[in-house]
Amino acid sequence: MVRNVVVLGGSYAGSRAAELLAKTLPSTHRVILVERQSSFRHLYLFPRHGVVPDHAHKAFIPYNNLFGSVAAPPTKTAAAASPVVEVIPDARQSLVVHASVVKIGEGFIEIDRDLAAHEETADDDALELADRLASVGLDDEGSSTSRRIPYDYLIYALGSTLPPPLISPARTKKDGVAFLKTQHDIIKRAKSILVVGGGALGIQYATDIADYYNSPHNAHHHCEATPKKVTLMHSRDRFLPLYSSAVDVEIKRRLAELKVDVILGERVPLPSTEELAKQEKSGEMHKIVTSKGQVVEFDLLLRCTGQVPNSKLLKDFLPDAVNKDGYVNVLPTLQVALPPSNRARDDIYAIGDVADMGVIKAGHTGWNAAGTAVQNIMCSIGVEGSLNNEQPTLTEFEITPPQIKVTLGLNHAVSELLPSMGAAKTEVKMISDGPVDGHWQGVWTRMGESPLDPHVGA
């Protein structure tokens, strides 16, 4: 019987882990990626494509070729437009299952959809694999086991909840593109925009909006739109304090150049998500008072704070594996760590933004962590059943210096990156010739998709 290595979450860390597993697992095992979205969401492009119209389709990439071969046509339910199971026939029976996980148990996960309940619309290959994943019946708790997927190894890569401007209920590319278009329309209608939170996301929104709507050389994009008053509020006196002071200096220079009002070292009581939605619809001016008594007027508030790790599912299963801040405790091998002695959970790994890996929360650190987790799973599989009870020699995740690239308007950016593999010191660079639609082609290529038709999957 083929055994499963299940990856939960198909963003930067999870998709990379699934891709590597599909290429390296022996024929005794297959990878199953469980991801509720029908397309990979290139989240770094969401702020830009929510401001600048007609590019949103480039931020949603089909999973069809993730494993290096073209997937069979996805099966669809009668009630939902998103596929249930995508079969990758040439990659050792690898699968992408589009569903939400509702439970993790000992040796299994449970999803919110029946795998084998759509026989009228499913092709034979998908049904055959779905039937092998789970048998139909009821367990002691009354849950349908046709929703259960067994695992020998589990990689937990469910990331973090996004700040409000990026939160979308969309599961399909079509709905995701519509979400970003709606965001563009909301920003276009606004006259005075308050961006709260001076991390990379807040900086990107403030500079993109100011550059797109207020810079004379971009006027041809939106002749009918009115200029925007843009205010960026940050609770600290310095932007991105993890990085070189040169990064902070360049951010402040560019904000001044774009005439963004900057309020540093102050906080505001933030309205609830429901109240923010009401304010957006009203189109009226509102006032908010900062912690130092300054009154700020706005008709649109973009709250760019408040990411929370998506660790609840694992906490429900292994309560002690999650720390007080909500992040999953991991060993240097990225195996889930259990107290009191940091005992490894040999079959469960956590990677990406949800894990306390000792590095910044970013796509590139999750990508790197995927390689470590996959290497250790492969090592463990290699010694299974050895006659002398051989223990696997596992690799430890390499801690790297913080690195970043943050856009400062449509063509400008500042970066602090390692200049080469093996370099010990980062370098700061200023960029003034970046593409308006972002460097999206490279991510499409890495996902196995041709960038020649970015509308595919809509």
# chains A, B, ... in the order shown; residues from 1 in each chain; ligands from 1
>>> residues_around(residues="Tyr12 in chain A", least_positions_apart="2", cutoff="6 Å", atoms="only C-alpha atoms", output="PyMOL selection string")
chain A and resi 14-15+363+367
>>> residues_around(residues="Val196 in chain A", least_positions_apart="2", cutoff="12 Å", atoms="only C-alpha atoms", output="MDAnalysis selection string")
chainID A and resid 163:165 193:194 198:206 230:236 261:271 288 290 296 298 300:306
>>> select_by_dssp(residues="range 309-421 of chain A", states="strand (DSSP E)", output="ChimeraX atom specification")
/A:309,328-329,335-338,343-350,355-356,404-407,413-417
>>> atom_distance(atom1="CA of His57 in chain A", atom2="CA of Trp444 in chain A")
11.6 Å
>>> atom_distance(atom1="CA of Leu162 in chain A", atom2="CA of Val249 in chain A")
27.2 Å
>>> select_by_dssp(residues="range 215-410 of chain A", states="helix (DSSP H, G or I)", output="VMD selection string")
chain A and resid 216 to 221 245 to 257 273 to 282 312 to 317 319 to 321 352 to 354 363 to 383
>>> residues_around(residues="Ile155 in chain A", least_positions_apart="3", cutoff="10 Å", atoms="only C-alpha atoms", output="PyMOL selection string")
chain A and resi 5-9+13-14+17-18+33+151+158+334-336+347-351+370+373-374+377
>>> residues_around(residues="Arg171 in chain A", least_positions_apart="6", cutoff="8 Å", atoms="only C-alpha atoms", output="PyMOL selection string")
chain A and resi 36-39+82
>>> write_last_selection(atoms="N, CA, C and O atoms", output="PDB file, in the first residue's frame")
ATOM      1  N   ARG A  36      -6.818  24.868   0.355  1.00  0.00           N
ATOM      2  CA  ARG A  36      -8.205  25.246   0.049  1.00  0.00           C
ATOM      3  C   ARG A  36      -8.322  26.127  -1.187  1.00  0.00           C
ATOM      4  O   ARG A  36      -9.386  26.174  -1.816  1.00  0.00           O
ATOM      5  N   GLN A  37      -7.257  26.851  -1.547  1.00  0.00           N
ATOM      6  CA  GLN A  37      -7.308  27.715  -2.718  1.00  0.00           C
ATOM      7  C   GLN A  37      -7.106  26.901  -3.991  1.00  0.00           C
ATOM      8  O   GLN A  37      -6.311  25.964  -4.018  1.00  0.00           O
ATOM      9  N   SER A  38      -7.790  27.305  -5.062  1.00  0.00           N
ATOM     10  CA  SER A  38      -7.607  26.596  -6.331  1.00  0.00           C
ATOM     11  C   SER A  38      -6.330  27.019  -7.032  1.00  0.00           C
ATOM     12  O   SER A  38      -5.858  26.319  -7.930  1.00  0.00           O
ATOM     13  N   SER A  39      -5.754  28.154  -6.636  1.00  0.00           N
ATOM     14  CA  SER A  39      -4.523  28.654  -7.232  1.00  0.00           C
ATOM     15  C   SER A  39      -3.562  29.100  -6.140  1.00  0.00           C
ATOM     16  O   SER A  39      -3.985  29.517  -5.056  1.00  0.00           O
ATOM     17  N   SER A  82     -14.513  25.271  -7.332  1.00  0.00           N
ATOM     18  CA  SER A  82     -13.112  24.901  -7.158  1.00  0.00           C
ATOM     19  C   SER A  82     -12.961  23.388  -7.238  1.00  0.00           C
ATOM     20  O   SER A  82     -13.854  22.642  -6.859  1.00  0.00           O
TER      21      SER A  82
END
>>> residues_around(residues="Val383 in chain A", least_positions_apart="5", cutoff="8 Å", atoms="only C-alpha atoms", output="CSV table (one decimal) with all heavy atoms, in the first residue's frame")
chain,number,residue,atom,x,y,z
A,390,GLU,N,18.6,1.4,13.1
A,390,GLU,CA,19.4,2.6,12.8
A,390,GLU,C,18.5,3.8,13.0
A,390,GLU,O,17.4,3.9,12.6
A,390,GLU,CB,19.9,2.4,11.4
A,390,GLU,CG,20.7,3.6,10.9
A,390,GLU,CD,21.1,3.5,9.5
A,390,GLU,OE1,20.8,2.4,8.9
A,390,GLU,OE2,21.7,4.4,8.9
A,391,GLN,N,19.1,4.9,13.6
A,391,GLN,CA,18.4,6.1,13.7
A,391,GLN,C,18.8,7.1,12.6
A,391,GLN,O,20.0,7.1,12.2
A,391,GLN,CB,18.8,6.8,15.1
A,391,GLN,CG,18.3,5.9,16.3
A,391,GLN,CD,16.8,5.8,16.3
A,391,GLN,OE1,16.0,6.8,16.2
A,391,GLN,NE2,16.3,4.6,16.4
A,392,PRO,N,17.9,7.9,12.1
A,392,PRO,CA,18.3,8.8,11.0
A,392,PRO,C,19.2,9.9,11.5
A,392,PRO,O,19.0,10.4,12.6
A,392,PRO,CB,16.9,9.3,10.6
A,392,PRO,CG,16.0,9.2,11.8
A,392,PRO,CD,16.5,7.9,12.5
>>> residues_around(residues="Lys173 in chain A", least_positions_apart="3", cutoff="10 Å", atoms="only C-alpha atoms", output="NGL selection string")
:A and (37-41 or 56-62 or 82 or 170 or 176-179 or 455-458)
